[in-house]
file input.txt (compact mmCIF, C-alpha atoms and all ligand atoms)
# COMPACT_ATOMS: atom_id res chain seq x y z
CA GLU A 1 11.65 -21.18 10.17
CA ARG A 2 9.93 -23.89 12.17
CA ASP A 3 7.90 -23.62 15.37
CA ALA A 4 8.52 -25.54 18.61
CA HIS A 5 6.70 -28.58 17.17
CA GLY A 6 8.82 -28.56 14.03
CA ALA A 7 6.08 -27.26 11.73
CA ALA A 8 7.25 -25.00 8.92
CA THR A 9 6.46 -21.33 9.48
CA MET A 10 6.81 -18.15 7.52
CA GLY A 11 6.48 -14.60 8.77
CA GLY A 12 5.49 -16.08 12.16
CA LEU A 13 2.57 -18.11 10.72
CA ARG A 14 2.30 -21.87 10.33
CA LEU A 15 2.17 -22.73 6.63
CA GLU A 16 -0.21 -25.64 7.30
CA ASP A 17 -2.76 -23.23 8.73
CA LEU A 18 -2.76 -21.13 5.57
CA LEU A 19 -3.55 -23.96 3.19
CA ASP A 20 -6.78 -25.71 4.34
CA LEU A 21 -5.00 -29.02 3.98
CA GLY A 22 -7.87 -31.04 5.44
CA ALA A 23 -10.45 -29.56 3.05
CA ASP A 24 -11.76 -31.17 -0.18
CA ALA A 25 -10.11 -28.38 -2.10
CA PRO A 26 -6.87 -27.51 -0.30
CA ARG A 27 -5.31 -24.24 -1.34
CA THR A 28 -2.33 -26.03 -2.91
CA PRO A 29 -0.29 -25.59 -5.00
CA ALA A 30 0.34 -22.21 -3.42
CA TYR A 31 3.25 -19.83 -3.27
CA VAL A 32 3.65 -18.14 0.11
CA TYR A 33 5.84 -15.05 0.47
CA ASP A 34 7.21 -13.19 3.48
CA VAL A 35 7.02 -9.58 2.29
CA ASP A 36 8.67 -8.19 5.45
CA ALA A 37 11.70 -10.43 4.91
CA ILE A 38 11.96 -9.22 1.30
CA VAL A 39 12.05 -5.60 2.48
CA GLN A 40 14.67 -6.53 5.09
CA ALA A 41 16.79 -8.16 2.37
CA ALA A 42 16.73 -4.89 0.41
CA ARG A 43 17.78 -2.98 3.55
CA ASP A 44 20.63 -5.42 4.23
CA LEU A 45 21.83 -4.98 0.66
CA ALA A 46 21.66 -1.18 0.98
CA GLY A 47 24.05 -1.43 3.94
CA GLY A 48 26.70 -2.83 1.60
CA PHE A 49 27.08 0.53 -0.16
CA GLU A 50 28.49 2.01 3.06
CA GLY A 51 26.83 5.37 2.52
CA ALA A 52 27.86 5.77 -1.14
CA PRO A 53 25.16 7.09 -3.49
CA HIS A 54 23.34 4.11 -4.98
CA LEU A 55 20.14 2.77 -6.48
CA ILE A 56 18.94 -0.80 -5.98
CA ALA A 57 16.96 -1.34 -9.18
CA TYR A 58 14.96 -4.46 -8.33
CA ALA A 59 14.77 -6.79 -11.36
CA VAL A 60 11.00 -7.04 -11.50
CA LYS A 61 11.20 -10.13 -13.73
CA ALA A 62 12.10 -12.21 -10.66
CA ASN A 63 8.68 -11.63 -9.11
CA THR A 64 6.10 -9.22 -10.49
CA ALA A 65 3.49 -9.55 -7.72
CA GLY A 66 2.01 -6.23 -6.64
CA PRO A 67 2.43 -6.68 -2.86
CA ILE A 68 6.13 -7.42 -3.34
CA VAL A 69 6.87 -4.78 -5.96
CA ARG A 70 4.99 -2.13 -3.95
CA ALA A 71 6.83 -3.00 -0.75
CA LEU A 72 10.22 -2.75 -2.47
CA GLY A 73 9.23 0.57 -4.03
CA ALA A 74 8.15 1.90 -0.65
CA ALA A 75 11.49 0.75 0.79
CA GLY A 76 13.29 3.02 -1.67
CA CYS A 77 14.25 0.59 -4.41
CA GLY A 78 14.17 1.39 -8.10
CA ALA A 79 13.04 -1.07 -10.76
CA GLU A 80 14.67 -2.78 -13.70
CA VAL A 81 12.00 -3.84 -16.21
CA VAL A 82 12.13 -5.76 -19.47
CA SER A 83 8.71 -5.25 -21.05
CA GLY A 84 5.85 -2.81 -21.33
CA GLY A 85 3.98 -5.02 -18.88
CA GLU A 86 6.70 -4.84 -16.23
CA LEU A 87 7.03 -1.09 -16.80
CA ALA A 88 3.29 -0.71 -16.18
CA VAL A 89 3.61 -2.81 -13.01
CA ALA A 90 6.45 -0.62 -11.70
CA LEU A 91 4.54 2.58 -12.43
CA GLY A 92 1.32 1.15 -11.03
CA ALA A 93 3.17 0.10 -7.88
CA GLY A 94 4.19 3.70 -7.36
CA PHE A 95 7.81 3.80 -8.51
CA PRO A 96 8.80 7.26 -9.73
CA ALA A 97 9.89 7.34 -13.39
CA ASP A 98 13.31 8.51 -12.22
CA VAL A 99 14.24 5.14 -10.70
CA ILE A 100 13.13 2.88 -13.55
CA LEU A 101 15.50 1.22 -16.03
CA PHE A 102 14.27 -0.65 -19.11
CA SER A 103 16.51 -3.45 -20.48
CA GLY A 104 15.93 -5.94 -23.27
CA VAL A 105 17.42 -6.72 -26.67
CA ALA A 106 14.20 -6.32 -28.66
CA LYS A 107 12.12 -3.52 -27.23
CA THR A 108 9.23 -2.78 -29.57
CA SER A 109 8.51 0.74 -30.82
CA ARG A 110 5.46 0.73 -28.62
CA GLU A 111 7.53 -0.11 -25.54
CA ILE A 112 10.11 2.53 -26.43
CA ASP A 113 7.35 5.16 -26.77
CA GLN A 114 5.83 4.04 -23.47
CA ALA A 115 9.19 4.46 -21.66
CA ILE A 116 10.05 7.80 -23.28
CA GLY A 117 6.56 9.13 -22.63
CA VAL A 118 6.37 8.61 -18.86
CA GLY A 119 6.05 11.87 -16.89
CA ASP A 120 8.07 14.92 -17.91
CA ARG A 121 11.37 13.26 -18.77
CA GLY A 122 10.63 9.58 -19.36
CA ILE A 123 12.24 6.86 -17.24
CA LEU A 124 15.78 7.06 -15.80
CA ALA A 125 17.17 5.18 -18.80
CA LEU A 126 16.37 2.82 -21.61
CA GLN A 127 19.32 0.43 -21.61
CA MET A 128 20.74 0.21 -25.11
CA GLU A 129 21.75 -3.31 -26.04
CA SER A 130 22.92 -2.57 -29.61
CA VAL A 131 24.05 0.25 -31.85
CA GLU A 132 20.98 -0.35 -34.00
CA GLU A 133 18.74 0.24 -31.00
CA ILE A 134 20.34 3.62 -30.27
CA THR A 135 19.31 4.81 -33.71
CA ARG A 136 15.79 3.47 -33.25
CA VAL A 137 15.30 5.13 -29.88
CA ALA A 138 16.65 8.45 -31.22
CA ALA A 139 14.11 8.28 -34.05
CA ARG A 140 11.25 7.60 -31.63
CA ALA A 141 12.37 10.45 -29.34
CA ARG A 142 12.38 12.85 -32.29
CA ALA A 143 9.00 11.64 -33.45
CA LEU A 144 7.59 12.27 -29.97
CA GLY A 145 9.40 15.60 -29.64
CA ARG A 146 11.17 14.45 -26.48
CA LYS A 147 14.63 13.68 -25.21
CA ALA A 148 15.19 10.04 -24.26
CA ARG A 149 17.58 9.18 -21.45
CA VAL A 150 19.59 6.07 -22.33
CA SER A 151 22.45 3.98 -21.01
CA PHE A 152 24.81 1.48 -22.58
CA ARG A 153 24.50 -2.09 -21.45
CA VAL A 154 27.83 -3.44 -22.59
CA ASN A 155 28.81 -7.05 -23.03
CA PRO A 156 32.03 -7.14 -20.98
CA SER A 157 33.08 -10.53 -22.34
CA VAL A 158 33.24 -12.14 -18.90
CA GLU A 159 32.46 -15.82 -18.37
CA ALA A 160 30.21 -16.20 -15.33
CA ASP A 161 30.59 -19.47 -13.47
CA THR A 162 26.89 -20.37 -13.58
CA HIS A 163 24.38 -22.37 -15.62
CA ALA A 164 24.77 -21.68 -19.37
CA HIS A 165 21.12 -20.61 -19.66
CA VAL A 166 21.64 -17.72 -17.25
CA ALA A 167 25.14 -16.56 -18.27
CA THR A 168 24.64 -13.37 -20.23
CA GLY A 169 27.95 -11.47 -20.33
CA HIS A 170 30.04 -13.69 -22.58
CA ASP A 171 30.95 -13.19 -26.24
CA GLU A 172 28.19 -15.28 -27.75
CA ALA A 173 25.32 -13.93 -25.66
CA LYS A 174 22.73 -11.87 -27.53
CA PHE A 175 22.87 -9.29 -24.73
CA GLY A 176 24.65 -5.98 -24.59
CA ILE A 177 26.83 -3.87 -26.87
CA ALA A 178 30.10 -5.65 -27.67
CA LEU A 179 33.18 -3.69 -26.60
CA ALA A 180 34.28 -3.59 -30.25
CA ASP A 181 31.07 -1.75 -31.13
CA LEU A 182 31.42 1.01 -28.54
CA PRO A 183 32.99 3.56 -30.90
CA ALA A 184 29.98 3.13 -33.19
CA ALA A 185 27.66 3.42 -30.17
CA TYR A 186 29.22 6.76 -29.16
CA GLU A 187 28.93 7.97 -32.74
CA ALA A 188 25.24 7.06 -32.75
CA ILE A 189 24.79 9.05 -29.52
CA ASP A 190 26.58 12.06 -31.02
CA ARG A 191 24.51 11.83 -34.22
CA ALA A 192 21.33 11.80 -32.14
CA GLY A 193 22.17 15.25 -30.78
CA ASP A 194 19.42 16.55 -28.51
CA ALA A 195 17.25 13.46 -28.93
CA LEU A 196 19.32 11.35 -26.52
CA GLU A 197 21.16 11.82 -23.26
CA LEU A 198 23.68 9.17 -22.20
CA MET A 199 23.15 8.63 -18.47
CA GLY A 200 25.20 5.61 -17.57
CA ILE A 201 27.13 2.54 -18.59
CA GLY A 202 26.55 -0.90 -17.15
CA CYS A 203 26.73 -4.63 -17.57
CA HIS A 204 25.05 -7.74 -16.23
CA ILE A 205 27.16 -10.85 -16.54
CA GLY A 206 24.72 -13.51 -15.40
CA SER A 207 22.62 -14.87 -12.61
CA GLN A 208 23.13 -17.02 -9.48
CA LEU A 209 26.74 -15.87 -8.96
CA THR A 210 28.19 -17.47 -5.84
CA ARG A 211 31.44 -15.50 -5.72
CA THR A 212 32.30 -11.89 -6.47
CA ASP A 213 35.28 -12.46 -8.82
CA GLU A 214 33.51 -12.32 -12.18
CA TYR A 215 31.13 -9.61 -10.97
CA LEU A 216 34.13 -7.43 -10.20
CA GLU A 217 35.67 -8.27 -13.58
CA GLY A 218 32.53 -6.87 -15.17
CA ALA A 219 32.65 -3.86 -12.83
CA ARG A 220 36.27 -3.19 -13.87
CA VAL A 221 35.24 -3.09 -17.52
CA VAL A 222 32.46 -0.60 -16.68
CA LEU A 223 34.87 1.54 -14.62
CA ASP A 224 37.44 1.59 -17.46
CA LEU A 225 34.77 2.79 -19.87
CA ALA A 226 33.52 5.39 -17.39
CA ALA A 227 37.07 6.71 -16.95
CA GLU A 228 37.45 7.06 -20.72
CA ARG A 229 34.15 8.88 -20.95
CA ARG A 230 35.05 11.19 -18.08
CA ALA A 231 38.31 12.04 -19.87
CA THR A 232 36.24 13.43 -22.77
CA GLY A 233 34.66 15.90 -20.34
CA LYS A 234 31.29 14.13 -20.30
CA PRO A 235 30.95 12.31 -16.98
CA LEU A 236 28.17 9.77 -16.50
CA ALA A 237 25.34 10.17 -13.99
CA TYR A 238 25.66 6.57 -12.82
CA LEU A 239 27.47 3.25 -13.20
CA ASP A 240 25.46 0.04 -13.33
CA PHE A 241 27.07 -3.19 -12.19
CA GLY A 242 24.02 -5.38 -12.81
CA GLY A 243 22.49 -8.05 -10.62
CA GLY A 244 23.06 -11.78 -10.40
CA TYR A 245 23.67 -12.21 -6.65
CA GLY A 246 23.36 -15.88 -5.82
CA VAL A 247 21.29 -17.52 -3.10
CA ASP A 248 21.79 -20.76 -1.16
CA TYR A 249 19.55 -23.37 -2.76
CA GLY A 250 21.11 -25.99 -0.48
CA ALA A 251 24.56 -26.29 -2.01
CA GLY A 252 25.73 -23.17 -0.17
CA CYS A 253 26.44 -19.58 -1.18
CA PRO A 254 29.29 -18.02 0.79
CA VAL A 255 28.64 -14.42 -0.29
CA THR A 256 25.74 -12.14 0.63
CA PRO A 257 24.23 -9.49 -1.65
CA ALA A 258 25.84 -6.83 0.56
CA ASP A 259 29.25 -8.44 -0.11
CA PHE A 260 28.79 -7.76 -3.85
CA ALA A 261 27.70 -4.19 -3.18
CA ARG A 262 30.56 -3.52 -0.77
CA ALA A 263 33.21 -4.93 -3.10
CA ALA A 264 31.89 -2.96 -6.08
CA THR A 265 31.54 0.25 -4.05
CA ARG A 266 35.11 0.03 -2.79
CA LEU A 267 36.42 -0.74 -6.27
CA ALA A 268 34.59 2.29 -7.68
CA ALA A 269 36.02 4.51 -4.93
CA GLU A 270 39.55 3.23 -5.60
CA ARG A 271 39.10 4.16 -9.24
CA GLY A 272 38.03 7.70 -8.40
CA PHE A 273 34.28 7.18 -8.74
CA GLY A 274 33.45 7.49 -5.05
CA GLY A 275 30.93 10.25 -5.71
CA THR A 276 29.21 8.61 -8.68
CA ARG A 277 25.92 6.86 -8.11
CA ILE A 278 26.14 3.08 -8.30
CA VAL A 279 23.19 1.16 -9.69
CA VAL A 280 22.70 -2.57 -9.15
CA GLU A 281 19.95 -4.80 -10.54
CA PRO A 282 19.29 -7.71 -8.18
CA GLY A 283 16.23 -9.87 -8.64
CA ARG A 284 16.69 -13.35 -7.22
CA ALA A 285 18.56 -12.44 -4.03
CA LEU A 286 15.80 -10.11 -2.85
CA VAL A 287 12.97 -12.60 -3.25
CA ALA A 288 14.05 -16.23 -3.77
CA PRO A 289 14.70 -17.20 -0.11
CA TYR A 290 11.50 -15.53 1.10
CA GLY A 291 9.03 -17.50 -0.99
CA VAL A 292 8.07 -21.16 -0.86
CA LEU A 293 5.84 -23.31 -3.03
CA CYS A 294 3.56 -25.49 -0.90
CA ALA A 295 2.14 -28.65 -2.42
CA SER A 296 -0.17 -31.38 -1.12
CA VAL A 297 1.09 -34.94 -1.27
CA VAL A 298 -1.28 -36.82 -3.57
CA MET A 299 0.22 -40.27 -2.90
CA ALA A 300 3.37 -42.30 -2.99
CA LYS A 301 4.13 -44.83 -5.69
CA ARG A 302 6.47 -47.75 -5.33
CA SER A 303 7.95 -49.91 -8.05
CA ARG A 304 9.29 -53.19 -6.77
CA GLY A 305 11.55 -53.94 -9.73
CA GLU A 306 15.32 -53.98 -9.36
CA PRO A 307 16.31 -51.46 -8.17
CA SER A 308 13.07 -50.63 -6.38
CA ARG A 309 11.93 -47.04 -6.70
CA ARG A 310 9.81 -44.67 -4.70
CA TRP A 311 8.06 -41.63 -6.01
CA LEU A 312 6.23 -38.95 -4.11
CA MET A 313 3.46 -37.45 -6.23
CA ILE A 314 2.56 -33.88 -5.34
CA ASP A 315 -0.02 -31.49 -6.72
CA ALA A 316 2.55 -28.94 -7.92
CA GLY A 317 4.22 -29.51 -11.24
CA MET A 318 6.69 -28.06 -13.69
CA ASN A 319 4.00 -25.68 -14.84
CA ASP A 320 4.04 -24.12 -11.34
CA LEU A 321 7.83 -24.13 -10.88
CA VAL A 322 9.80 -24.81 -14.05
CA ARG A 323 13.34 -24.23 -12.74
CA PRO A 324 14.12 -27.93 -12.09
CA ALA A 325 12.86 -28.96 -15.55
CA LEU A 326 14.48 -26.04 -17.36
CA TYR A 327 17.84 -25.71 -15.60
CA GLY A 328 18.17 -28.93 -13.62
CA ALA A 329 17.82 -26.70 -10.54
CA LYS A 330 17.42 -28.49 -7.22
CA HIS A 331 15.20 -26.87 -4.59
CA ARG A 332 15.08 -28.29 -1.07
CA ILE A 333 11.78 -30.10 -0.44
CA GLU A 334 10.71 -30.76 3.14
CA PRO A 335 7.66 -32.00 5.06
CA ILE A 336 5.38 -29.13 6.02
CA ASP A 337 4.71 -30.42 9.55
CA ARG A 338 8.11 -31.59 10.80
CA PRO A 339 11.80 -31.12 10.10
CA PRO A 340 13.25 -33.12 7.21
CA PRO A 341 15.12 -36.32 8.06
CA ALA A 342 18.87 -36.20 7.53
CA ALA A 343 19.89 -37.57 4.14
CA GLY A 344 20.75 -41.26 4.52
CA GLU A 345 18.47 -41.67 7.54
CA ALA A 346 15.33 -42.09 5.48
CA PRO A 347 14.52 -43.49 2.05
CA GLY A 348 14.88 -41.16 -0.91
CA TYR A 349 11.76 -40.39 -2.89
CA ARG A 350 11.72 -38.86 -6.33
CA VAL A 351 9.34 -35.97 -5.94
CA VAL A 352 7.30 -35.56 -9.12
CA GLY A 353 4.33 -33.50 -10.25
CA PRO A 354 1.23 -34.39 -12.24
CA VAL A 355 2.31 -32.98 -15.60
CA CYS A 356 2.65 -35.42 -18.49
CA GLU A 357 6.36 -34.85 -19.08
CA SER A 358 9.31 -36.84 -17.72
CA SER A 359 11.02 -33.57 -16.83
CA ASP A 360 8.24 -32.82 -14.33
CA ASP A 361 10.62 -34.00 -11.64
CA PHE A 362 11.86 -32.09 -8.57
CA GLY A 363 14.66 -34.53 -7.78
CA GLU A 364 15.28 -36.99 -4.95
CA HIS A 365 14.60 -36.00 -1.34
CA PRO A 366 14.54 -38.03 1.89
CA PHE A 367 11.20 -38.70 3.60
CA ALA A 368 10.43 -40.83 6.63
CA GLU A 369 8.02 -43.76 6.14
CA LEU A 370 5.11 -41.79 7.59
CA LEU A 371 4.59 -39.33 4.78
CA PRO A 372 3.51 -35.71 5.35
CA ARG A 373 0.23 -34.33 4.03
CA ALA A 374 2.05 -31.57 2.27
CA VAL A 375 5.55 -30.43 1.40
CA VAL A 376 7.37 -27.13 1.18
CA ILE A 377 9.54 -26.40 -1.85
CA ARG A 378 12.08 -23.85 -0.61
CA ASP A 379 13.63 -20.77 -2.22
CA ALA A 380 10.88 -20.42 -4.80
CA GLY A 381 10.26 -16.68 -4.42
CA ALA A 382 12.19 -15.78 -7.59
CA TYR A 383 11.53 -17.06 -11.10
CA GLY A 384 8.72 -19.22 -9.73
CA PHE A 385 5.21 -17.89 -10.30
CA VAL A 386 6.48 -15.53 -13.03
CA MET A 387 7.58 -18.52 -15.13
CA ALA A 388 4.46 -20.59 -14.42
CA SER A 389 2.21 -21.75 -17.23
CA GLU A 390 -1.20 -23.35 -17.55
CA TYR A 391 0.11 -26.41 -19.40
CA ASN A 392 -2.02 -29.54 -19.01
CA GLY A 393 -5.09 -27.48 -18.28
CA ARG A 394 -3.81 -26.43 -14.90
CA GLY A 395 -4.60 -22.99 -13.58
CA LEU A 396 -1.81 -20.82 -12.24
CA PRO A 397 -1.00 -21.51 -8.58
CA THR A 398 -2.42 -19.51 -5.69
CA GLU A 399 -0.23 -16.82 -4.12
CA ILE A 400 -0.38 -15.81 -0.44
CA PHE A 401 1.44 -12.69 0.80
CA LEU A 402 2.35 -12.35 4.49
CA ALA A 403 3.26 -9.08 6.18
CA GLY A 404 3.13 -7.82 9.74
CA GLY A 405 2.38 -11.32 11.05
CA ARG A 406 -0.80 -11.79 9.01
CA VAL A 407 -2.07 -12.57 5.53
CA ALA A 408 -1.85 -9.29 3.65
CA ALA A 409 -3.18 -10.49 0.28
CA ILE A 410 -4.20 -13.64 -1.56
CA HIS A 411 -4.29 -14.19 -5.30
CA GLU A 412 -6.49 -17.24 -5.79
CA SER A 413 -5.94 -19.89 -8.43
CA ARG A 414 -8.73 -20.40 -10.94
CA ASP A 415 -10.59 -23.68 -10.58
CA ALA A 416 -10.94 -26.22 -13.42
CA ALA A 417 -14.24 -24.81 -14.66
CA ALA A 418 -12.89 -21.26 -14.82
CA TRP A 419 -9.79 -22.45 -16.61
CA ALA A 420 -11.91 -24.37 -19.15
CA ALA A 421 -14.14 -21.33 -19.74
CA SER A 422 -11.03 -19.27 -20.50
CA ARG A 423 -10.12 -21.69 -23.31
CA LEU A 424 -13.60 -22.25 -24.72
CA PHE A 425 -14.02 -18.56 -25.60
CA GLY A 426 -17.74 -18.66 -24.86
N1 LIG B 501 19.57 -7.37 -14.90
C1 LIG B 501 19.49 -7.97 -16.10
C2 LIG B 501 19.82 -7.22 -17.29
C3 LIG B 501 19.10 -9.32 -16.18
O1 LIG B 501 19.03 -9.92 -17.36
C4 LIG B 501 18.76 -10.03 -15.00
C5 LIG B 501 18.32 -11.41 -15.04
C6 LIG B 501 18.85 -9.35 -13.78
C7 LIG B 501 19.27 -8.03 -13.77
C8 LIG B 501 18.53 -9.99 -12.46
O2 LIG B 501 19.35 -11.08 -12.20
P1 LIG B 501 19.26 -11.80 -10.77
O3 LIG B 501 19.74 -10.83 -9.74
O4 LIG B 501 17.84 -12.20 -10.56
O5 LIG B 501 20.13 -12.98 -10.91
N2 LIG B 501 15.03 -17.63 -14.80
C9 LIG B 501 16.40 -17.83 -14.40
C10 LIG B 501 17.12 -16.52 -14.17
C11 LIG B 501 17.13 -15.62 -15.38
C12 LIG B 501 17.80 -14.30 -15.13
C13 LIG B 501 17.61 -13.39 -16.28
N3 LIG B 501 18.17 -12.09 -16.13
C14 LIG B 501 16.41 -18.72 -13.16
O6 LIG B 501 15.35 -19.12 -12.70
O7 LIG B 501 17.47 -19.06 -12.65
call {"tool": "encode", "arguments": {"input": "input.txt", "output": "structure tokens"}}
result
Amino acid sequence: ERDAHGAATMGGLRLEDLLDLGADAPRTPAYVYDVDAIVQAARDLAGGFEGAPHLIAYAVKANTAGPIVRALGAAGCGAEVVSGGELAVALGAGFPADVILFSGVAKTSREIDQAIGVGDRGILALQMESVEEITRVAARARALGRKARVSFRVNPSVEADTHAHVATGHDEAKFGIALADLPAAYEAIDRAGDALELMGIGCHIGSQLTRTDEYLEGARVVLDLAAERRATGKPLAYLDFGGGYGVDYGAGCPVTPADFARAATRLAAERGFGGTRIVVEPGRALVAPYGVLCASVVMAKRSRGEPSRRWLMIDAGMNDLVRPALYGAKHRIEPIDRPPPAAGEAPGYRVVGPVCESSDDFGEHPFAELLPRAVVIRDAGAYGFVMASEYNGRGLPTEIFLAGGRVAAIHESRDAAAWAASRLFG
């Protein structure tokens, strides 16, 4: 996405033009999102189900911004939420209760009541992550005089080939009901009687998966369990294969989200579940590639020791985008006004932010001697702003939402005085 002069664009607009780079107070650091491209990504994924009944439950945790959540809701997605706050965002953005799933290992009683209490029947399902939780939710449903719809999120004991911090389906993860505990989980459902209705079974094995193998291993476990359940004469309303579809951060990702959907849909059909609704829970793949973090270049620093080093100081830090510091993630960083030089053709600069931590480091990237005024940090639409903090007295970054070839909404950063006032409590 660059124009004829090589300037970075998004949604048909030049990023430079959105940021007031020449002004005393440029609008950086700022996230910029292409909402139309996000909706298109959801449509492309939907194509992977090849007409089979399905629900794309967008993992709201990846990006909770109203313009994005609303657009995905309007495009027919459901929502997977993990807190009362995310549930309120999904409802506020117009998602019907019937397409909302609530996951999380430690839902509070308040959150459980909130989810059970929505509309006439509560949300589509509270995802049970332990036997203990089933008993708790049954008690809350009785107390409220309602029936709670629930699902089992099982831990399929699959090792995802991804960063340890985002692998969730293995034996030692805190997530999901262990396969060994399923008999007890079914007993808890039976004991609950009218208070609970078991809607589905699912798993989520981890995030940033760049091949379908382990995803399908998880899907096989879910299909085996669904077949057992069906044999008892109590078929499930849906099967949930989770999210985790990877994106290309620069190292490549040979599979598309639709590839995961297609493979899982065909597997389900082979196993006799062609008519059963398939639920998936993608977050990252719907939003990461369609958001960038723009930062002004503050200055370069050179150390002439041996070996000599070059740093590029920018006005975005780990508080704005924590993925590099937290996971060692590498995001492509490019000049805003011209294409990046090929690696090896220009000196490498360590791109660092202003935060007083050594881990405030976005890695080494090539820049030509004439430095740009600003840079674009790519693929920052997921787990970017949502994980931002105000550490070091920095306000949260600005967010700019593009749709239909224009700026659809802006969420401005607070300035230093407003941030200080928020900490002084009067
Ligand atoms: N469903 C469940 C139950 C999950 O725990 C997650 C993500 C998702 C769906 C969505 O996964 P996705 O499609 O986005 O991979 N902050 C980390 C990622 C944490 C993912 C947590 N769970 C990162 O920046 O890489």
call {"tool": "residues_around", "arguments": {"input": "input.txt", "residues": "Arg406 (chain A)", "least_positions_apart": "3", "cutoff": "8 Å", "atoms": "all atoms listed in the file", "output": "list in words"}}
result
Gly11, Leu13, Leu402 and Ala403 of chain A
call {"tool": "residues_near_ligand", "arguments": {"input": "input.txt", "ligand": "ligand LIG 501 (chain B)", "cutoff": "6 Å", "atoms": "only C-alpha atoms and all ligand atoms", "output": "PyMOL selection string"}}
result
chain A and resi 59+62+103+166+204+207-208+242-245+281-284+323+383
call {"tool": "residues_around", "arguments": {"input": "input.txt", "residues": "Gly176 (chain A)", "least_positions_apart": "5", "cutoff": "9 Å", "atoms": "all atoms listed in the file", "output": "PyMOL selection string"}}
result
chain A and resi 104-105+127-130+152-156+168-169+203-204
call {"tool": "closest_atom_pairs", "arguments": {"input": "input.txt", "of": "region 388-421 of chain A", "to": "region 305-315 of chain A", "cutoff": "12 Å", "atoms": "all atoms listed in the file", "output": "Markdown table"}}
result
| residue | atom | partner | partner_atom | distance |
| --- | --- | --- | --- | --- |
| A:Arg394 | CA | A:Asp315 | CA | 10.3 |
| A:Gly395 | CA | A:Asp315 | CA | 11.8 |
| A:Pro397 | CA | A:Asp315 | CA | 10.2 |
call {"tool": "closest_residue", "arguments": {"input": "input.txt", "among": "A:Tyr349, A:Tyr58, A:Arg14, A:Thr398", "to": "Arg2 (chain A)", "atoms": "only C-alpha atoms"}}
result
A:Arg14
call {"tool": "axis_aligned_box", "arguments": {"input": "input.txt", "around": "region 116-127 of chain A", "padding_each_side": "3 Å", "output": "JSON"}}
result
{"center_x": 12.7, "center_y": 7.7, "center_z": -19.5, "size_x": 19.3, "size_y": 20.5, "size_z": 13.5}
call {"tool": "decode", "arguments": {"input": "input.txt", "residues": "region 55-66 of chain A", "atoms": "N, CA and C atoms", "output": "tab-separated table (two decimals), in the first residue's frame"}}
result
chain	number	residue	atom	x	y	z
A	55	LEU	N	-20.36	-19.70	12.35
A	55	LEU	CA	-20.35	-18.40	13.03
A	55	LEU	C	-18.90	-18.00	13.24
A	56	ILE	N	-18.54	-16.83	12.73
A	56	ILE	CA	-17.20	-16.28	12.98
A	56	ILE	C	-17.32	-15.41	14.22
A	57	ALA	N	-16.92	-15.96	15.36
A	57	ALA	CA	-17.00	-15.20	16.61
A	57	ALA	C	-15.69	-14.43	16.78
A	58	TYR	N	-15.71	-13.17	16.38
A	58	TYR	CA	-14.50	-12.33	16.43
A	58	TYR	C	-14.01	-12.22	17.88
A	59	ALA	N	-12.73	-12.55	18.10
A	59	ALA	CA	-12.14	-12.44	19.44
A	59	ALA	C	-11.88	-10.96	19.72
A	60	VAL	N	-12.81	-10.37	20.43
A	60	VAL	CA	-12.81	-8.91	20.65
A	60	VAL	C	-11.53	-8.44	21.34
A	61	LYS	N	-10.88	-9.34	22.09
A	61	LYS	CA	-9.66	-8.96	22.80
A	61	LYS	C	-8.59	-8.42	21.85
A	62	ALA	N	-8.61	-8.84	20.60
A	62	ALA	CA	-7.57	-8.43	19.65
A	62	ALA	C	-7.64	-6.93	19.36
A	63	ASN	N	-8.85	-6.41	19.34
A	63	ASN	CA	-9.04	-4.96	19.11
A	63	ASN	C	-10.47	-4.60	19.49
A	64	THR	N	-10.60	-3.83	20.55
A	64	THR	CA	-11.93	-3.54	21.12
A	64	THR	C	-12.54	-2.25	20.60
A	65	ALA	N	-11.91	-1.60	19.63
A	65	ALA	CA	-12.38	-0.27	19.21
A	65	ALA	C	-13.76	-0.33	18.55
A	66	GLY	N	-14.62	0.56	18.99
A	66	GLY	CA	-16.00	0.59	18.51
A	66	GLY	C	-16.15	0.54	17.00
